[in-house]
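Down below is the structure, laid out as structure tokens.
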Amino acid sequence: MPLEMSSKLLEVLEKHEAEVLAEWIKEQIGATTLRPDLLKEGELRAQCTKFIKLLREAILGSNIFDIQRPHWTPVRDMLGEISRSRALQGFSASETATFVFSIKQPIFARLRKSHDKADSLAEDYWNATVLFDKLGLYTAEMFQKSREEIIGRQQQEMFELSAPVVELWQGILALPVIGTLDSKRTQLMLETLLERVAATQAEVAIVDITGVPAMDTLTAQHLINTVNATRLMGAECLISGVRPQIAQTMVGLGVSFADVVTKSTIAGALAIAFKRRGLGVRSLQPSEEHGA
Amino acid sequence: MRLIDSETVAIRQETDLLLVRQLVRQRAAELGFRKLGQTKAVTAASEIGRNTLIHGGGGKMLLQTYVELARRGLRLTFEDHGPGIADVERAMTDGYTTAGGLGLGLGGTKRLVDEFDLASSVGMGTRVTVTLWT
Amino acid sequence: MERIPILRMGEFLLVTIQVDLHDRLATKLQDDLGASLASTGARGVLIDISALNTVDSFIARVLGNIAEMSRVLDAETVLVGMQTTVAMTLVEMGVSLPGILTALDAEKGMKRLRTAMRKGRANASHRQ
């Protein structure tokens, strides 16, 4: 790797740091992609200053062609942090990547001045472009990962809200489930149910899957595990609303129906739950019907 | 994936297994594992640690912690210089029964962790590596 | 010698496990319970594990052994207060505890024991 190149780039960054910084910040503020509502100038200045510092250290200690090398770790880490915070704040991928791409113009302007030969300048331009493109792409990638993580978390929160555990009666909990279940969501849901059983010391839990059209074997296994775990804790878990398809999946798993108490309706399960708790339902006498 | 920390615990007697459990619980909690994840990690460590002690004649556990962009990892490596496992298939499938099954019980342990690796040669020893991610 | 205390409560034996059990301590508990059952003639054993946040296959096996041993000595065993995460972990490992009664807390546990003991007595008198 031509040492001359990194020293020219370094020279620009060292001798003209203040100017590059000022122009770079101006570029970002001027770009229609900066969001003054989300990012303040003072914060931006701090980020840019730090970036130039880390950039200089990285170039000094290593070549500029492989940004995966350990010397580039602080730079990558910083870009990762910026990506994450901008993703959280609601910036778009290109708005975020502008951070890197907009440094090119001020740097190139000064590279041109520091060269007297046209062909060596062309090579420098090329190498610098490759470097900043790599860094920009890395930023965009990290942004993408952060966005996915944020979305995943939001989805989780929504799932938790969509399958609430309700107390039907003292000591009887119910979890009505709607929609297709995937393994991850099921696990989380059932965990919550068990925790509520422990918290309320409910002796019976009813999982109603009337609203579940289909289930894969992994999810069915989670359901059966929940029944067994409840038993180990000292309570009982009934399953209601089992459709024929799902019954087949369970049979396929080798579940003997002696182990799992299932009912076709939640009402049926509730009747069993009442019995377990030593309770019954009776019709009121006419005299009892009136009143508060 | 970046390695944060590395520590070793000798497994030479029964009470060392208590240390193993305590340490794994502590590190798992520090890494941000929820209670279920912590319990799985400790239980897996207890199972494999016991094998190391009883079948392997003693050895050690290496505990490593990792950090990635979106998650943290806990890696436990158990090593012994014991007789080794002749039939790995059987060791993995031997189940637990309260009727006193003698299985090494690794099949069940495998279900608790995210990554599982077993290397063993007869007369040389055994190494089991498990990893859990938050 | 370190040991888990066994309390006598009427016709029950009560054990509360509050420490992380190492293997020898668990086996000692099994032996001690056997001796206590034999000497007191108690018909029920209540084991409170609400403080245990790890139960591995060895401890599970000891608990199963205790239940079996108790039955031979004409007593029933109930396991009380297993933590949620412990239950989930055991189930995922494929460990079952057949033949052992469970309950959410000590009060419910004793109720379950009494029911089981009554059944046991009924069976015994049938056998005569």
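Simple scheme: letters A, B, ... for chains in structure tokens order, numbers from 1 for residues in each chain, numbers from 1 for ligands in the order shown.
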Residues within 12 Å of Lys108 in chain C, please, as a CSV table (one decimal) with N, CA and C atoms, in the first residue's frame. Count only C-alpha atoms; anything in the same chain fewer than 2 positions from it doesn't count.
```csv
chain,number,residue,atom,x,y,z
A,201,GLN,N,-51.0,-17.4,42.7
A,201,GLN,CA,-51.2,-18.7,43.3
A,201,GLN,C,-52.4,-19.3,42.8
A,202,ALA,N,-52.7,-19.2,41.5
A,202,ALA,CA,-53.9,-19.7,40.9
A,202,ALA,C,-53.7,-21.2,40.7
A,203,GLU,N,-54.7,-22.0,41.0
A,203,GLU,CA,-54.5,-23.5,40.9
A,203,GLU,C,-54.9,-24.0,39.5
A,233,MET,N,-45.2,-27.1,39.3
A,233,MET,CA,-45.4,-26.0,40.2
A,233,MET,C,-46.5,-26.3,41.2
A,234,GLY,N,-47.4,-27.2,40.9
A,234,GLY,CA,-48.4,-27.5,41.8
A,234,GLY,C,-49.8,-27.0,41.4
A,235,ALA,N,-49.9,-26.6,40.1
A,235,ALA,CA,-51.2,-26.1,39.6
A,235,ALA,C,-51.5,-27.0,38.4
A,277,ARG,N,-61.8,-26.5,42.0
A,277,ARG,CA,-61.8,-25.6,43.1
A,277,ARG,C,-62.9,-25.8,44.1
C,46,LEU,N,-43.6,-33.2,53.6
C,46,LEU,CA,-43.8,-31.9,52.8
C,46,LEU,C,-42.4,-31.3,52.5
C,48,ASP,N,-40.4,-28.2,51.0
C,48,ASP,CA,-40.6,-26.9,50.4
C,48,ASP,C,-39.4,-26.4,49.7
C,78,VAL,N,-45.1,-34.6,49.1
C,78,VAL,CA,-45.6,-33.5,48.3
C,78,VAL,C,-44.5,-32.4,48.2
C,79,LEU,N,-44.2,-32.0,47.0
C,79,LEU,CA,-43.2,-31.0,46.7
C,79,LEU,C,-43.9,-29.6,46.5
C,80,VAL,N,-43.4,-28.6,47.3
C,80,VAL,CA,-44.2,-27.4,47.4
C,80,VAL,C,-43.4,-26.2,46.9
C,81,GLY,N,-44.0,-25.4,46.1
C,81,GLY,CA,-43.4,-24.1,45.7
C,81,GLY,C,-42.3,-24.0,44.7
C,101,LEU,N,-46.3,-35.7,44.3
C,101,LEU,CA,-47.4,-34.7,44.4
C,101,LEU,C,-46.7,-33.4,44.4
C,102,THR,N,-47.5,-32.4,43.9
C,102,THR,CA,-47.0,-31.0,43.9
C,102,THR,C,-48.0,-30.1,44.4
C,103,ALA,N,-47.6,-28.9,44.9
C,103,ALA,CA,-48.6,-27.9,45.4
C,103,ALA,C,-47.9,-26.6,45.3
C,104,LEU,N,-48.8,-25.5,45.2
C,104,LEU,CA,-48.2,-24.2,45.1
C,104,LEU,C,-47.6,-23.6,46.4
C,105,ASP,N,-48.2,-24.0,47.5
C,105,ASP,CA,-47.6,-23.5,48.8
C,105,ASP,C,-47.9,-24.6,49.9
C,106,ALA,N,-47.3,-24.3,51.1
C,106,ALA,CA,-47.4,-25.3,52.1
C,106,ALA,C,-48.8,-25.6,52.6
C,110,MET,N,-50.3,-29.4,52.3
C,110,MET,CA,-50.8,-30.2,53.4
C,110,MET,C,-52.2,-30.7,53.1
C,111,LYS,N,-53.0,-29.9,52.5
C,111,LYS,CA,-54.3,-30.3,52.1
C,111,LYS,C,-54.2,-31.5,51.2
C,112,ARG,N,-53.3,-31.4,50.2
C,112,ARG,CA,-53.2,-32.5,49.2
C,112,ARG,C,-52.7,-33.7,49.9
C,113,LEU,N,-51.8,-33.5,50.9
C,113,LEU,CA,-51.2,-34.7,51.6
C,113,LEU,C,-52.3,-35.4,52.3
C,114,ARG,N,-53.2,-34.6,53.0
C,114,ARG,CA,-54.2,-35.3,53.8
C,114,ARG,C,-55.2,-36.1,52.9
C,115,THR,N,-55.5,-35.5,51.7
C,115,THR,CA,-56.3,-36.3,50.8
C,115,THR,C,-55.7,-37.6,50.3
```
Under the rule of at most 12 Å, produce a per-residue listing of chain B near chain A: chain, number, name, the closest pair of atoms, and the distance in Å, as a Markdown table, using only C-alpha atoms.
```
| residue | atom | partner | partner_atom | distance |
| --- | --- | --- | --- | --- |
| B:Met1 | CA | A:Thr73 | CA | 12.0 |
| B:Arg2 | CA | A:Thr73 | CA | 10.9 |
| B:Arg34 | CA | A:Glu191 | CA | 11.7 |
| B:Lys35 | CA | A:Glu191 | CA | 11.1 |
| B:Leu36 | CA | A:Glu191 | CA | 9.1 |
| B:Gly37 | CA | A:Glu191 | CA | 11.9 |
| B:Glu68 | CA | A:Asp77 | CA | 11.1 |
| B:Leu69 | CA | A:Gly80 | CA | 8.3 |
| B:Ala70 | CA | A:Glu149 | CA | 7.1 |
| B:Arg71 | CA | A:Glu149 | CA | 10.0 |
```
Could you turn the residues from that selection into a file that holds C-alpha atoms, as a PDB file, in the first residue's frame?
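selection.pdb, freshly written:
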```pdb
ATOM      1  CA  MET B   1     -18.202 -10.962  18.484  1.00  0.00           C
ATOM      2  CA  ARG B   2     -15.893  -9.603  21.115  1.00  0.00           C
ATOM      3  CA  ARG B  34     -33.423 -12.940  32.361  1.00  0.00           C
ATOM      4  CA  LYS B  35     -34.177 -15.281  35.249  1.00  0.00           C
ATOM      5  CA  LEU B  36     -35.096 -18.163  32.934  1.00  0.00           C
ATOM      6  CA  GLY B  37     -31.895 -17.785  30.958  1.00  0.00           C
ATOM      7  CA  GLU B  68     -22.132  -8.497  20.010  1.00  0.00           C
ATOM      8  CA  LEU B  69     -24.094  -5.571  18.640  1.00  0.00           C
ATOM      9  CA  ALA B  70     -27.470  -6.828  19.733  1.00  0.00           C
ATOM     10  CA  ARG B  71     -26.730  -9.497  22.328  1.00  0.00           C
TER      11      ARG B  71
END
```
Original post:
When the cut-off is 10 Å and we count only C-alpha atoms, which residues of chain A are near chain C, given as a ChimeraX atom specification?
Top reply: /A:190-199,201-203,221-222,224-236
Original post:
Closest to chain B among C:Ala26, C:Leu13, C:Ala35, C:Ala42, using only C-alpha atoms?
Top reply: C:Ala26
**OP:** Find the residue from B:Ile11, B:Leu23, B:Leu112, B:Ala28 that sits nearest to chain C; use only C-alpha atoms when measuring.
**Re:** B:Leu112
**OP:** Please identify which residues in range 36-95 of chain B DSSP calls strand (DSSP E or B) from the backbone, and express them as an MDAnalysis selection string.
**Re:** chainID B and resid 59:67 72:80
Go ahead and dump the residues you just picked, N, CA and C atoms, as a compact mmCIF listing (two decimals), in the first residue's frame.
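out_39.txt, freshly written:
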```txt
# COMPACT_ATOMS: atom_id res chain seq x y z
N GLY B 59 -11.71 -31.93 36.59
CA GLY B 59 -11.19 -31.14 35.46
C GLY B 59 -11.39 -29.67 35.77
N LYS B 60 -11.80 -28.92 34.73
CA LYS B 60 -12.01 -27.50 34.96
C LYS B 60 -13.07 -26.93 34.04
N MET B 61 -13.55 -25.77 34.41
CA MET B 61 -14.50 -25.04 33.57
C MET B 61 -13.91 -23.68 33.21
N LEU B 62 -13.99 -23.38 31.91
CA LEU B 62 -13.57 -22.06 31.45
C LEU B 62 -14.83 -21.26 31.15
N LEU B 63 -14.94 -20.08 31.75
CA LEU B 63 -16.12 -19.25 31.53
C LEU B 63 -15.70 -18.02 30.73
N GLN B 64 -16.37 -17.81 29.59
CA GLN B 64 -16.05 -16.64 28.77
C GLN B 64 -17.31 -15.85 28.49
N THR B 65 -17.14 -14.52 28.48
CA THR B 65 -18.29 -13.68 28.16
C THR B 65 -18.00 -12.90 26.88
N TYR B 66 -19.04 -12.81 26.03
CA TYR B 66 -18.89 -12.16 24.74
C TYR B 66 -19.93 -11.06 24.57
N VAL B 67 -19.57 -10.09 23.72
CA VAL B 67 -20.56 -9.06 23.42
C VAL B 67 -20.66 -8.88 21.90
N ARG B 72 -25.56 -10.46 24.20
CA ARG B 72 -24.37 -10.88 24.96
C ARG B 72 -24.34 -12.40 25.03
N GLY B 73 -23.14 -12.95 25.14
CA GLY B 73 -23.01 -14.41 25.16
C GLY B 73 -22.23 -14.92 26.35
N LEU B 74 -22.61 -16.11 26.79
CA LEU B 74 -21.91 -16.78 27.89
C LEU B 74 -21.46 -18.13 27.37
N ARG B 75 -20.15 -18.37 27.38
CA ARG B 75 -19.65 -19.65 26.88
C ARG B 75 -18.95 -20.40 28.00
N LEU B 76 -19.35 -21.66 28.17
CA LEU B 76 -18.76 -22.49 29.22
C LEU B 76 -18.08 -23.69 28.57
N THR B 77 -16.83 -23.89 28.90
CA THR B 77 -16.10 -25.04 28.35
C THR B 77 -15.63 -25.92 29.49
N PHE B 78 -16.09 -27.15 29.50
CA PHE B 78 -15.72 -28.10 30.54
C PHE B 78 -14.73 -29.10 29.98
N GLU B 79 -13.62 -29.27 30.68
CA GLU B 79 -12.60 -30.18 30.17
C GLU B 79 -12.15 -31.15 31.24
N ASP B 80 -11.98 -32.40 30.86
CA ASP B 80 -11.37 -33.35 31.80
C ASP B 80 -10.43 -34.27 31.03
```
Subject >> Which of range 14-104 of chain C fall in alpha helix (DSSP H), as a ChimeraX atom specification >> reply: /C:23-40,57-72,84-93
Original post:
Rounded to one decimal in Å, what is the spacing between CA of Val20 in chain B and CA of Gln30 in chain C?
Top reply: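 Straight-line distance from CA of Val20 in chain B to CA of Gln30 in chain C works out to 23.8 Å.
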Original post:
C:Asp56, C:Glu76, C:Ala67, C:Pro5: which is nearest chain B, counting only C-alpha atoms?
Top reply: C:Asp56
Subject >> Option closest in space to chain B, from C:Leu37, C:Leu21, C:Leu29, C:Met9 [counting only C-alpha atoms] >> reply: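 The shortest atom-to-atom distance to chain B comes from C:Leu21.
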Original post:
If you count only C-alpha atoms, which residues fall within 12 Å of range 114-121 of chain B, apart from same-chain ones fewer than 5 positions away, as a count of residues only?
Top reply: 39
Original post:
Looking at only C-alpha atoms, which of A:Ala214, A:Arg185, A:Leu270, A:Gly30 is the one that sits closest to Gln155 in chain A?
Top reply: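 Looking at the shortest contact to Gln155 in chain A, the residue is A:Arg185.
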Original post:
At what distance in Å, to one decimal, does CA of Phe65 in chain A lie from CA of Asp124 in chain A?
Top reply: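 Rounded to one decimal, the two atoms are 12.4 Å apart.
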Subject >> Who sits within 9 Å of Thr249 in chain A, only C-alpha atoms, same chain under 3 positions skipped, as a PyMOL selection string >> reply: chain A and resi 215-217+220+244-246+252-254
Residue subset to file, keeping N, CA and C atoms, as an mmCIF file, in the first residue's frame:
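Output saved as again.cif:
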```cif
data_model
loop_
_atom_site.group_PDB
_atom_site.id
_atom_site.type_symbol
_atom_site.label_atom_id
_atom_site.label_comp_id
_atom_site.auth_asym_id
_atom_site.auth_seq_id
_atom_site.Cartn_x
_atom_site.Cartn_y
_atom_site.Cartn_z
ATOM 1 N N MET A 215 -50.758 -24.926 14.052
ATOM 2 C CA MET A 215 -49.635 -24.848 14.975
ATOM 3 C C MET A 215 -48.570 -25.835 14.519
ATOM 4 N N ASP A 216 -47.302 -25.450 14.567
ATOM 5 C CA ASP A 216 -46.267 -26.426 14.197
ATOM 6 C C ASP A 216 -45.891 -27.267 15.418
ATOM 7 N N THR A 217 -45.123 -28.306 15.178
ATOM 8 C CA THR A 217 -44.833 -29.246 16.270
ATOM 9 C C THR A 217 -44.038 -28.577 17.390
ATOM 10 N N ALA A 220 -46.491 -26.775 19.496
ATOM 11 C CA ALA A 220 -47.294 -27.742 20.248
ATOM 12 C C ALA A 220 -46.483 -28.266 21.423
ATOM 13 N N PRO A 244 -59.318 -30.136 15.359
ATOM 14 C CA PRO A 244 -58.872 -31.479 14.956
ATOM 15 C C PRO A 244 -57.446 -31.496 14.419
ATOM 16 N N GLN A 245 -57.111 -30.463 13.611
ATOM 17 C CA GLN A 245 -55.756 -30.391 13.036
ATOM 18 C C GLN A 245 -54.689 -30.394 14.110
ATOM 19 N N ILE A 246 -54.952 -29.570 15.115
ATOM 20 C CA ILE A 246 -53.973 -29.419 16.187
ATOM 21 C C ILE A 246 -53.936 -30.674 17.040
ATOM 22 N N GLY A 252 -49.271 -36.731 16.956
ATOM 23 C CA GLY A 252 -48.017 -36.984 16.256
ATOM 24 C C GLY A 252 -46.819 -36.854 17.170
ATOM 25 N N LEU A 253 -46.927 -35.976 18.149
ATOM 26 C CA LEU A 253 -45.826 -35.770 19.077
ATOM 27 C C LEU A 253 -45.779 -36.837 20.147
ATOM 28 N N GLY A 254 -46.749 -37.718 20.124
ATOM 29 C CA GLY A 254 -46.743 -38.778 21.118
ATOM 30 C C GLY A 254 -47.338 -38.361 22.438
#
```
